[in-house]
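K.L.:
Take a look at input-v8.cif, mmCIF, C-alpha atoms:
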data_input
loop_
_atom_site.label_atom_id
_atom_site.label_comp_id
_atom_site.auth_asym_id
_atom_site.auth_seq_id
_atom_site.Cartn_x
_atom_site.Cartn_y
_atom_site.Cartn_z
CA MET A 1 74.40 36.23 36.98
CA GLU A 2 73.26 32.65 36.79
CA LEU A 3 71.84 29.89 38.96
CA VAL A 4 73.37 26.41 39.00
CA ALA A 5 71.52 23.23 39.92
CA VAL A 6 73.87 20.45 41.04
CA ARG A 7 73.17 16.82 40.13
CA GLN A 8 72.38 14.83 43.28
CA PRO A 9 70.69 11.56 44.24
CA ALA A 10 66.99 11.70 44.95
CA PRO A 11 66.40 11.83 48.71
CA ARG A 12 64.58 8.95 50.34
CA LEU A 13 62.74 11.46 52.51
CA LEU A 14 62.32 15.14 51.68
CA ALA A 15 63.53 17.19 54.65
CA ALA A 16 64.26 20.84 55.42
CA GLU A 17 67.97 20.13 55.83
CA VAL A 18 70.47 22.02 53.71
CA THR A 19 73.74 20.82 55.29
CA ALA A 20 73.43 17.22 54.10
CA PRO A 21 76.16 16.04 51.69
CA ALA A 22 73.77 16.19 48.74
CA TRP A 23 73.59 19.98 49.11
CA THR A 24 77.28 20.72 49.67
CA GLY A 25 80.13 21.24 47.26
CA ARG A 26 79.09 24.50 45.62
CA GLU A 27 78.78 28.05 46.90
CA SER A 28 75.13 28.92 47.39
CA PRO A 29 73.63 32.03 45.78
CA THR A 30 72.13 34.62 48.11
CA LEU A 31 69.16 36.93 47.94
CA ALA A 32 70.98 39.99 49.25
CA THR A 33 69.10 42.76 47.47
CA ASN A 34 65.54 43.94 47.09
CA TRP A 35 63.61 43.90 43.83
CA GLN A 36 65.27 47.18 42.78
CA GLY A 37 68.78 45.94 43.46
CA HIS A 38 69.32 47.86 46.71
CA PRO A 39 70.88 46.01 49.68
CA ALA A 40 68.35 44.08 51.75
CA PRO A 41 68.42 44.24 55.58
CA ALA A 42 71.12 41.92 56.90
CA ILE A 43 68.70 40.19 59.25
CA LEU A 44 66.84 38.84 56.21
CA ARG A 45 69.93 37.01 54.94
CA THR A 46 68.73 34.33 52.52
CA SER A 47 70.81 31.59 50.93
CA VAL A 48 69.61 29.16 48.28
CA ARG A 49 70.79 25.81 46.97
CA LEU A 50 69.52 24.09 43.84
CA GLY A 51 69.77 20.40 43.03
CA TRP A 52 68.31 18.01 40.50
CA SER A 53 67.95 14.32 39.84
CA GLN A 54 66.45 12.40 36.95
CA HIS A 55 62.92 13.17 38.02
CA ALA A 56 62.83 16.48 39.92
CA LEU A 57 64.28 19.90 40.61
CA ARG A 58 64.85 20.84 44.25
CA VAL A 59 65.27 24.36 45.65
CA ALA A 60 66.35 24.83 49.27
CA PHE A 61 66.07 28.15 51.11
CA GLU A 62 67.63 29.19 54.42
CA CYS A 63 66.17 32.46 55.69
CA GLY A 64 67.02 34.74 58.56
CA TYR A 65 64.04 36.60 59.95
CA SER A 66 62.98 39.43 62.23
CA GLU A 67 59.37 38.33 62.60
CA LEU A 68 57.13 35.75 60.98
CA ASP A 69 53.77 36.24 59.31
CA MET A 70 52.38 32.77 58.74
CA ASP A 71 49.53 30.42 59.47
CA ASP A 72 51.02 28.10 62.08
CA GLN A 73 47.86 25.98 62.08
CA ALA A 74 48.16 25.32 58.37
CA ASP A 75 48.06 21.91 56.76
CA PRO A 76 51.15 21.74 54.51
CA SER A 77 49.65 18.83 52.58
CA THR A 78 47.13 21.13 50.89
CA GLU A 79 47.68 24.10 48.60
CA ARG A 80 47.05 27.60 49.93
CA ASP A 81 45.92 30.25 47.45
CA ALA A 82 47.45 33.73 47.69
CA LEU A 83 50.35 32.44 49.78
CA TRP A 84 52.31 35.50 48.61
CA GLU A 85 50.27 37.68 50.96
CA ARG A 86 52.35 36.34 53.88
CA ASP A 87 56.00 35.25 54.38
CA VAL A 88 57.14 33.14 51.47
CA CYS A 89 60.02 32.12 49.22
CA GLU A 90 59.37 31.79 45.52
CA ALA A 91 60.96 30.22 42.44
CA PHE A 92 59.87 31.28 38.96
CA ILE A 93 61.08 28.72 36.39
CA GLN A 94 60.95 28.91 32.61
CA SER A 95 61.77 25.72 30.71
CA PRO A 96 62.36 25.42 26.95
CA ALA A 97 58.94 23.76 26.69
CA GLU A 98 57.15 27.04 27.41
CA PRO A 99 55.31 28.29 24.31
CA HIS A 100 56.63 31.86 24.45
CA ALA A 101 58.98 34.17 26.38
CA ALA A 102 56.31 35.47 28.76
CA SER A 103 55.16 32.08 30.09
CA TYR A 104 56.67 30.27 33.08
CA LYS A 105 55.79 28.39 36.26
CA GLU A 106 55.60 29.87 39.77
CA PHE A 107 56.30 27.92 42.96
CA GLU A 108 56.02 29.14 46.56
CA VAL A 109 56.76 27.76 50.01
CA SER A 110 56.13 29.24 53.46
CA PRO A 111 57.94 28.77 56.79
CA THR A 112 55.35 26.12 57.68
CA GLY A 113 55.74 24.20 54.42
CA GLN A 114 52.53 25.48 52.88
CA TRP A 115 52.83 25.67 49.14
CA CYS A 116 51.33 27.20 46.04
CA ASP A 117 51.97 26.61 42.34
CA LEU A 118 50.72 28.48 39.28
CA ALA A 119 51.11 28.31 35.52
CA ILE A 120 51.74 31.83 34.22
CA HIS A 121 50.75 32.06 30.57
CA GLN A 122 50.85 35.88 30.56
CA PRO A 123 51.86 37.74 33.73
CA ARG A 124 48.81 39.16 35.56
CA VAL A 125 46.66 38.51 32.47
CA ASP A 126 46.44 34.75 31.94
CA VAL A 127 47.22 32.78 35.11
CA ASP A 128 46.09 29.23 35.86
CA ILE A 129 45.75 28.94 39.65
CA ARG A 130 44.22 25.46 39.35
CA TRP A 131 47.30 24.02 37.64
CA GLN A 132 48.98 21.29 39.69
CA SER A 133 52.69 20.56 39.44
CA GLY A 134 52.87 17.70 41.91
CA MET A 135 55.40 19.65 44.01
CA ARG A 136 56.33 18.58 47.55
CA THR A 137 57.73 20.69 50.37
CA ALA A 138 59.42 20.39 53.73
CA ALA A 139 60.04 23.22 56.20
CA ALA A 140 61.36 23.87 59.70
CA ILE A 141 61.75 26.94 61.93
CA ASP A 142 64.77 27.40 64.22
CA HIS A 143 63.40 29.97 66.67
CA GLU A 144 66.63 30.10 68.69
CA ARG A 145 68.75 31.07 65.68
CA ARG A 146 65.91 33.03 64.03
CA LEU A 147 66.11 31.00 60.84
CA TRP A 148 63.61 29.09 58.78
CA ARG A 149 64.43 26.55 56.13
CA ALA A 150 62.32 25.13 53.34
CA VAL A 151 62.83 22.77 50.44
CA MET A 152 60.58 22.48 47.41
CA GLU A 153 60.76 19.48 45.09
CA ILE A 154 59.19 19.91 41.66
CA PRO A 155 58.78 16.98 39.24
CA PHE A 156 60.18 17.63 35.79
CA ASP A 157 56.87 16.45 34.37
CA ALA A 158 55.56 19.87 35.44
CA PHE A 159 57.92 21.47 32.92
CA GLY A 160 57.24 19.12 30.03
CA GLY A 161 60.36 17.01 30.47
CA ALA A 162 63.69 16.68 32.25
CA PRO A 163 66.88 18.53 31.31
CA ARG A 164 70.21 16.99 30.45
CA PRO A 165 73.56 18.00 31.98
CA GLY A 166 74.61 21.32 30.54
CA ASP A 167 71.10 22.44 29.62
CA ARG A 168 70.21 26.04 30.39
CA TRP A 169 66.74 27.12 31.42
CA ARG A 170 65.78 30.51 32.90
CA ALA A 171 64.67 31.40 36.41
CA ASN A 172 64.55 33.91 39.24
CA LEU A 173 64.21 33.55 43.00
CA TYR A 174 62.35 35.79 45.43
CA ARG A 175 61.38 36.20 49.04
CA ILE A 176 58.75 38.26 50.89
CA SER A 177 59.34 38.96 54.59
CA ARG A 178 58.67 41.63 57.21
CA ILE A 179 60.47 43.87 59.68
CA ASP A 180 58.27 45.77 62.15
CA GLY A 181 55.27 44.88 60.01
CA VAL A 182 56.77 46.40 56.84
CA ARG A 183 56.97 44.05 53.86
CA HIS A 184 60.37 43.53 52.21
CA TYR A 185 60.70 42.08 48.72
CA LEU A 186 63.99 40.32 47.97
CA ALA A 187 65.13 39.13 44.55
CA TYR A 188 68.12 37.21 43.28
CA ALA A 189 68.09 39.21 40.04
CA ALA A 190 66.49 42.63 40.42
CA THR A 191 63.41 43.41 38.37
CA GLY A 192 63.99 47.18 38.66
CA THR A 193 60.33 48.16 38.68
CA PRO A 194 59.14 51.26 40.56
CA ALA A 195 56.79 49.17 42.74
CA PRO A 196 57.54 45.59 43.80
CA ASP A 197 56.87 43.27 40.87
CA PHE A 198 58.36 39.79 40.56
CA HIS A 199 56.49 38.96 37.35
CA ARG A 200 59.18 40.17 34.98
CA PRO A 201 60.45 37.22 32.92
CA GLU A 202 62.83 39.56 31.09
CA ALA A 203 64.79 39.70 34.39
CA PHE A 204 65.20 35.92 34.61
CA VAL A 205 68.78 34.59 34.57
CA PRO A 206 70.18 31.31 33.23
CA LEU A 207 69.46 28.19 35.29
CA VAL A 208 72.27 25.75 34.46
CA PHE A 209 71.97 22.03 35.12
CA ALA A 210 75.49 20.94 36.09
#
Here is a file; write its structure as structure tokens.

P.N.:
Amino acid sequence: MELVAVRQPAPRLLAAEVTAPAWTGRESPTLATNWQGHPAPAILRTSVRLGWSQHALRVAFECGYSELDMDDQADPSTERDALWERDVCEAFIQSPAEPHAASYKEFEVSPTGQWCDLAIHQPRVDVDIRWQSGMRTAAAIDHERRLWRAVMEIPFDAFGGAPRPGDRWRANLYRISRIDGVRHYLAYAATGTPAPDFHRPEAFVPLVFA
């Protein structure tokens, strides 16, 4: 398994639109299983596209849903701590600038565009919740089609520098959603833990900058 980020021009305006020409031309990976690798409910179908320009990495999610658990009065311009307690999509990214194999950066976005970023120095032991990446988000909910879309844009300065074409970082993608109030934990690459646990850098897969 691997994730591929496609080179694309920087958008003039960040928008929750994943059918624009900048996002097309490559099959999108899907989050089709839960954290243990078992098939996820079809209604939670989740596709992802990754793109990059000279200055930033962009990750776009398109998510089917059964119900939404979110703060619809939220201000997406400000960070929300503990965003993972509600519906969210997440990207865990490990660049070559990280000091060791257990450190990485965590980025989250909600259906309303709320966001959260963290520097993980040691999972669940040494976490910097005050770290600021400079990320931006855009999100939109299509109630008629029961879909929500979100895009996160993360400056490469947050990772210590930009990649070059062909570079390989490491990453994993996740989603938390609900059906009848029961939380479901989706993962691109399964972590295989007995209880849901996304903080397993050993499960990260290559992130290739095409």

K.L.:
So, counting all atoms listed in the file, which residue among A:Glu2, A:Ala190, A:Pro11, A:Met70 is closest to A:Glu85?

P.N.:
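For A:Glu85, the nearest of the given residues is A:Met70.
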
K.L.:
Quick one: which residues end up in the PyMOL selection byres ((chain A and resi 4) around 9) for this structure, as a list of chain:residue names?

P.N.:
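On the file shown, the PyMOL selection byres ((chain A and resi 4) around 9) covers A:Glu2, A:Leu3, A:Ala5, A:Val6, A:Arg26, A:Ser28, A:Pro29, A:Arg49, A:Leu50, A:Gly51, A:Pro206, A:Leu207, A:Val208, A:Phe209, A:Ala210.
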
K.L.:
Since I can't run it myself right now, could you work out what the PyMOL selection byres ((chain A and resi 108-119) around 8) selects here and report it as JSON, numbers by chain?

P.N.:
{"A": [70, 71, 72, 74, 75, 76, 77, 78, 79, 80, 81, 82, 83, 84, 87, 88, 89, 90, 91, 103, 104, 105, 106, 107, 120, 121, 127, 128, 129, 130, 131, 132, 133, 135, 137, 138, 139, 140, 141, 148, 149, 150, 151, 152]}

K.L.:
Any idea what the distance is between atom CA of A:Ala203 and atom CA of A:Val18?

P.N.:
26.8 Å

K.L.:
For A:Pro96, which residue out of A:Asp142, A:Asp180, A:Asp126, A:Asp167 is the nearest one, using only C-alpha atoms?

P.N.:
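Smallest separation from A:Pro96 among the options: A:Asp167.
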
K.L.:
Which distance in Å separates atom CA of A:Arg86 and atom CA of A:Leu68, to one decimal?

P.N.:
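Atom-to-atom, atom CA of A:Arg86 to atom CA of A:Leu68, that is 8.6 Å.
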
K.L.:
Here's a test: counting only C-alpha atoms, identify every protein, DNA and RNA residue with an atom at most 9 Å from (61.0, 24.3, 30.6) in the file's coordinate frame, and state them as a list in words.

P.N.:
Ile93, Gln94, Ser95, Pro96, Ala97, Glu98, Tyr104, Lys105, Phe156, Ala158, Phe159, Gly160, Gly161, Ala162, Pro163, Trp169 and Arg170 of chain A

K.L.:
Write out as a count of residues only which residues come within 12 Å of A:Thr33 when counting only C-alpha atoms, dropping same-chain ones fewer than 5 positions away.

P.N.:
22

K.L.:
Could you add the missing atoms to stretch 97-108 of chain A, up to N, CA and C atoms, and return them as a CSV table (one decimal), in the frame of the given file?

P.N.:
chain,number,residue,atom,x,y,z
A,97,ALA,N,60.2,24.2,27.2
A,97,ALA,CA,58.9,23.8,26.7
A,97,ALA,C,57.9,24.8,26.7
A,98,GLU,N,58.1,26.0,27.4
A,98,GLU,CA,57.2,27.0,27.4
A,98,GLU,C,56.9,27.6,26.0
A,99,PRO,N,55.6,27.9,25.7
A,99,PRO,CA,55.3,28.3,24.3
A,99,PRO,C,55.8,29.7,23.9
A,100,HIS,N,56.1,30.5,24.8
A,100,HIS,CA,56.6,31.9,24.4
A,100,HIS,C,57.4,32.5,25.6
A,101,ALA,N,58.0,33.6,25.4
A,101,ALA,CA,59.0,34.2,26.4
A,101,ALA,C,58.3,34.7,27.6
A,102,ALA,N,57.0,34.9,27.6
A,102,ALA,CA,56.3,35.5,28.8
A,102,ALA,C,55.7,34.4,29.6
A,103,SER,N,55.8,33.1,29.3
A,103,SER,CA,55.2,32.1,30.1
A,103,SER,C,56.2,31.3,30.9
A,104,TYR,N,55.8,30.9,32.1
A,104,TYR,CA,56.7,30.3,33.1
A,104,TYR,C,55.8,29.7,34.2
A,105,LYS,N,56.5,29.0,35.1
A,105,LYS,CA,55.8,28.4,36.3
A,105,LYS,C,56.3,29.1,37.5
A,106,GLU,N,55.3,29.2,38.5
A,106,GLU,CA,55.6,29.9,39.8
A,106,GLU,C,55.4,28.9,40.9
A,107,PHE,N,56.4,28.8,41.8
A,107,PHE,CA,56.3,27.9,43.0
A,107,PHE,C,56.6,28.7,44.2
A,108,GLU,N,55.9,28.4,45.3
A,108,GLU,CA,56.0,29.1,46.6
A,108,GLU,C,56.0,28.2,47.7
